[in-house]
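Peer 1: Mind looking over this structure? Questions follow.
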Amino acid sequence: MTATLLKEAGHPPVAPAGHDPRRRARRRARVVALAFVLPALLLLGALVVYPVLFSVGRSFFDASGDRFVGGYNYTEMFRDPATLTAVRNTAVWVVVAPTLLTGLGLVLAVLVEKVRWATAFKLLLFMPMAVSFLAAGIIFRLAYDEDPEKGVLNAAVVSVHDAFQDASSYPNARAREGQGLTRGADGSYRTTAAASPGDTVGLGLVGVRAEDLPAGARPARSAAARKASADELRGVVYLDFTRGGGGEQGRVDRTESGLPQMKVEAVRDGRTVASAATAADGSFRFQDLGPGSYTVRLPASNFAPPYEGISWLGPALVTPAIIGAYLWIWTGFAMVLIGAGLAALPRDALEAARMDGANEWQIFRRITVPLLAPVLTVVFVTLVINVMKVFDLVYIIAPGPVQEDATVLATQMWLVSFGGGNNQGLGSALGVLLLLLVVPAMVFNVRRFRGSQR
């Protein structure tokens with residue numbers, strides 16, 4: 001009746017209660033949105049929410065999962081030295097890696113703007129992001145190998161070292177027992193019998209392969225036959241070994257070679273009074289010696305082992321070495337993100353600073369960095385979240401003997417749960433600890449993103 005009167009009076013009809021078209025359209029839109037989101041919510045719940053809740057519950061049970069132990073696992077993990085080492089290494093990762101990456105990314109992003117081939121340079125730096133952590137770990141495990149024949153880093157270190165300091169030519173040489181030479185505590189060899197000016201001494205060594213003799217080595221027979229004058233002490237250092245057998249020990253035979261470039265010293269009363277280096281035939285001589293008895297010594301430097309480089313994967317350097325591999329992978333990521341923020345900076349502020357006489361360092365420190373602070377914060381926090389979860393590089397690069405020295409929370413959680421510990425209660429507690437450490441950084445990052453959108 002009311003609708004009829006309104007219609008006759010010229011008013012539009014009133015929809016019955018509960019039949020508002022706009023409300024029905026909004027309800028329909030919600031249902032459609034929920035239908036699209038529901039599969040993702042189910043997947044998220046199955047792969048994220050359920051495992052998190054299960055891990056929290058599992059952390060209150062023992063290794064078998066049958067007996068409730070309360071907070072025992074949480075107290076036990078802080079009594080375990082390996083867990084304390086993991087916490088310490090994780091703290092080192094969180095402080096060092098994001099700081100270095102953010103700094104490198106900022107510097108490279110600024111410098112790339114001034115490079116002619118900027119795109120190619122960015123591509124080159126970003127390419128490691130396409131390499132999996134497994135492949136990167138294998139690459140750096142080989143690069144850090146202690147053998148200079150395999151590890152490229154030690155090959156470079158050894159080359160630089162040998163360029164400034166000569167390596168010993170006879171690291172494996174040694175004297176025969178009972179042939180006139182005794183070995184000192186410092187690795188040197190000295191004659192057992194005293195020698196005086198006018199004498200000629202023969203110092204025979206073994207342990208040197210003929211093919212390892214220095215180029216230009218000559219037979220020692222002629223040097224052994226030379227007579228010394230009254231004021232000099234002569235001698236010969238030779239390889240006391242005849243190829244094919246034969247010869248006499250302690251005597252220079254016809255085909256035996258001298259050992260050139262060997263340092264020899266004349267010692268009297270515990271003090272070195274003269275020194276010489278052997279010639280191509282192994283001969284040496286000390287001139288203008290005073291009368292008396294002398295001991296001839298071959299210093300330990302003649303037998304020093306070759307320099308093998310740095311133990312990159314030893315207990316002291318394994319964590320910095322792995323962080324170096326991580327920097328190689330993620331520097332391009334930080335550079336690209338910071339470069340995008342740099343491209344959005346107002347150029348008029350930079351040009352105004354240049355017109356006011358500011359140099360590039362002042363512009364970078366007083367204008368570029370403050371304006372990029374929001375971007376730098378997002379990059380830093382994102383990297384903090386990432387390094388807390390680092391696992392692949394540590395597990396692959398660190399050798400077994402130093403695995404415990406390099407372990408972080410993620411690797412310790414896996415080792416305790418599946419890598420031999422077989423204690424999933426303690427491993428779940430470590431997982432909950434890692435989650436609690438990551439959540440604040442994630443919340444901070446989400447707030448930063450929302451703030452930037454507003």
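Following the order of the structure tokens, chains are lettered A, B, ..., residues in each are numbered from 1, and ligands are numbered from 1.
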Within 8 Å of Thr182 (chain A), counting only C-alpha atoms, which residues show up once you throw out same-chain ones fewer than 6 positions away? Write them as a VMD selection string, please.

Peer 2: chain A and resid 175 189 to 192

Peer 1: Using only C-alpha atoms, which residues sit within 12 Å of Arg88 (chain A) once same-chain residues fewer than 2 positions away are excluded, as a ChimeraX atom specification?

Peer 2: /A:78,81-86,90-95,319,388,404-409

Peer 1: Output N, CA, C and O atoms of each residue in that selection to a file, as a PDB file, in the first residue's frame.

Peer 2:
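Output file part.pdb follows:
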```pdb
ATOM      1  N   PHE A  78      70.760 -23.777  25.884  1.00  0.00           N
ATOM      2  CA  PHE A  78      71.696 -22.739  26.304  1.00  0.00           C
ATOM      3  C   PHE A  78      72.791 -23.291  27.216  1.00  0.00           C
ATOM      4  O   PHE A  78      73.706 -22.563  27.594  1.00  0.00           O
ATOM      5  N   PRO A  81      77.441 -26.265  24.559  1.00  0.00           N
ATOM      6  CA  PRO A  81      78.467 -25.380  23.963  1.00  0.00           C
ATOM      7  C   PRO A  81      78.271 -25.167  22.468  1.00  0.00           C
ATOM      8  O   PRO A  81      78.546 -24.081  21.950  1.00  0.00           O
ATOM      9  N   ALA A  82      77.809 -26.193  21.761  1.00  0.00           N
ATOM     10  CA  ALA A  82      77.609 -26.047  20.311  1.00  0.00           C
ATOM     11  C   ALA A  82      76.520 -25.020  20.012  1.00  0.00           C
ATOM     12  O   ALA A  82      76.643 -24.225  19.071  1.00  0.00           O
ATOM     13  N   THR A  83      75.455 -25.021  20.830  1.00  0.00           N
ATOM     14  CA  THR A  83      74.392 -24.037  20.619  1.00  0.00           C
ATOM     15  C   THR A  83      74.880 -22.629  20.926  1.00  0.00           C
ATOM     16  O   THR A  83      74.550 -21.670  20.210  1.00  0.00           O
ATOM     17  N   LEU A  84      75.684 -22.488  21.976  1.00  0.00           N
ATOM     18  CA  LEU A  84      76.237 -21.167  22.301  1.00  0.00           C
ATOM     19  C   LEU A  84      77.140 -20.671  21.172  1.00  0.00           C
ATOM     20  O   LEU A  84      77.145 -19.480  20.843  1.00  0.00           O
ATOM     21  N   THR A  85      77.908 -21.585  20.586  1.00  0.00           N
ATOM     22  CA  THR A  85      78.732 -21.213  19.433  1.00  0.00           C
ATOM     23  C   THR A  85      77.860 -20.777  18.261  1.00  0.00           C
ATOM     24  O   THR A  85      78.171 -19.811  17.562  1.00  0.00           O
ATOM     25  N   ALA A  86      76.742 -21.482  18.047  1.00  0.00           N
ATOM     26  CA  ALA A  86      75.827 -21.118  16.963  1.00  0.00           C
ATOM     27  C   ALA A  86      75.222 -19.745  17.199  1.00  0.00           C
ATOM     28  O   ALA A  86      75.099 -18.943  16.256  1.00  0.00           O
ATOM     29  N   THR A  90      75.841 -16.622  14.780  1.00  0.00           N
ATOM     30  CA  THR A  90      74.688 -15.941  14.190  1.00  0.00           C
ATOM     31  C   THR A  90      74.739 -14.449  14.475  1.00  0.00           C
ATOM     32  O   THR A  90      74.416 -13.623  13.606  1.00  0.00           O
ATOM     33  N   ALA A  91      75.160 -14.087  15.696  1.00  0.00           N
ATOM     34  CA  ALA A  91      75.297 -12.668  16.032  1.00  0.00           C
ATOM     35  C   ALA A  91      76.355 -12.003  15.144  1.00  0.00           C
ATOM     36  O   ALA A  91      76.169 -10.870  14.675  1.00  0.00           O
ATOM     37  N   VAL A  92      77.456 -12.713  14.888  1.00  0.00           N
ATOM     38  CA  VAL A  92      78.492 -12.172  13.996  1.00  0.00           C
ATOM     39  C   VAL A  92      77.924 -11.971  12.591  1.00  0.00           C
ATOM     40  O   VAL A  92      78.150 -10.933  11.950  1.00  0.00           O
ATOM     41  N   TRP A  93      77.177 -12.958  12.108  1.00  0.00           N
ATOM     42  CA  TRP A  93      76.553 -12.831  10.786  1.00  0.00           C
ATOM     43  C   TRP A  93      75.619 -11.634  10.734  1.00  0.00           C
ATOM     44  O   TRP A  93      75.655 -10.846   9.783  1.00  0.00           O
ATOM     45  N   VAL A  94      74.762 -11.476  11.760  1.00  0.00           N
ATOM     46  CA  VAL A  94      73.757 -10.411  11.757  1.00  0.00           C
ATOM     47  C   VAL A  94      74.409  -9.033  11.772  1.00  0.00           C
ATOM     48  O   VAL A  94      73.918  -8.088  11.140  1.00  0.00           O
ATOM     49  N   VAL A  95      75.525  -8.896  12.467  1.00  0.00           N
ATOM     50  CA  VAL A  95      76.189  -7.595  12.574  1.00  0.00           C
ATOM     51  C   VAL A  95      77.036  -7.307  11.335  1.00  0.00           C
ATOM     52  O   VAL A  95      76.988  -6.214  10.762  1.00  0.00           O
ATOM     53  N   THR A 319      84.375 -18.724   9.525  1.00  0.00           N
ATOM     54  CA  THR A 319      83.182 -17.872   9.473  1.00  0.00           C
ATOM     55  C   THR A 319      83.393 -16.650   8.573  1.00  0.00           C
ATOM     56  O   THR A 319      82.536 -16.357   7.715  1.00  0.00           O
ATOM     57  N   MET A 388      69.876 -14.580   9.202  1.00  0.00           N
ATOM     58  CA  MET A 388      69.478 -15.407  10.335  1.00  0.00           C
ATOM     59  C   MET A 388      69.111 -16.820   9.894  1.00  0.00           C
ATOM     60  O   MET A 388      69.203 -17.769  10.677  1.00  0.00           O
ATOM     61  N   GLU A 404      81.547 -27.462  13.593  1.00  0.00           N
ATOM     62  CA  GLU A 404      81.037 -26.903  14.848  1.00  0.00           C
ATOM     63  C   GLU A 404      81.518 -25.480  15.067  1.00  0.00           C
ATOM     64  O   GLU A 404      80.823 -24.670  15.685  1.00  0.00           O
ATOM     65  N   ASP A 405      82.716 -25.143  14.549  1.00  0.00           N
ATOM     66  CA  ASP A 405      83.230 -23.784  14.712  1.00  0.00           C
ATOM     67  C   ASP A 405      82.485 -22.793  13.827  1.00  0.00           C
ATOM     68  O   ASP A 405      82.467 -21.599  14.126  1.00  0.00           O
ATOM     69  N   ALA A 406      81.891 -23.263  12.738  1.00  0.00           N
ATOM     70  CA  ALA A 406      81.204 -22.369  11.802  1.00  0.00           C
ATOM     71  C   ALA A 406      79.693 -22.416  11.940  1.00  0.00           C
ATOM     72  O   ALA A 406      78.999 -21.649  11.282  1.00  0.00           O
ATOM     73  N   THR A 407      79.163 -23.284  12.798  1.00  0.00           N
ATOM     74  CA  THR A 407      77.727 -23.515  12.838  1.00  0.00           C
ATOM     75  C   THR A 407      76.960 -22.264  13.242  1.00  0.00           C
ATOM     76  O   THR A 407      77.437 -21.440  14.030  1.00  0.00           O
ATOM     77  N   VAL A 408      75.768 -22.118  12.673  1.00  0.00           N
ATOM     78  CA  VAL A 408      74.825 -21.059  13.035  1.00  0.00           C
ATOM     79  C   VAL A 408      73.535 -21.749  13.489  1.00  0.00           C
ATOM     80  O   VAL A 408      73.434 -22.977  13.477  1.00  0.00           O
ATOM     81  N   LEU A 409      72.544 -20.958  13.880  1.00  0.00           N
ATOM     82  CA  LEU A 409      71.330 -21.549  14.452  1.00  0.00           C
ATOM     83  C   LEU A 409      70.626 -22.482  13.464  1.00  0.00           C
ATOM     84  O   LEU A 409      70.113 -23.542  13.851  1.00  0.00           O
TER      85      LEU A 409
END
```

Peer 1: Need to verify the contact set: region 106-109 of chain A, 9 Å, only C-alpha atoms, exclusion of same-chain residues closer than 4 positions in sequence. Can you return it as a ChimeraX atom specification?

Peer 2: /A:101-102,113,122,331-332,334-340,342,369,376

Peer 1: Give the strand (DSSP E or B) residues of region 138-280 of chain A, as assigned by DSSP on the backbone, as a ChimeraX atom specification.

Peer 2: /A:174-175,181-183,189-191,195,200-206,219,233-239,257-258,263-268,271-277
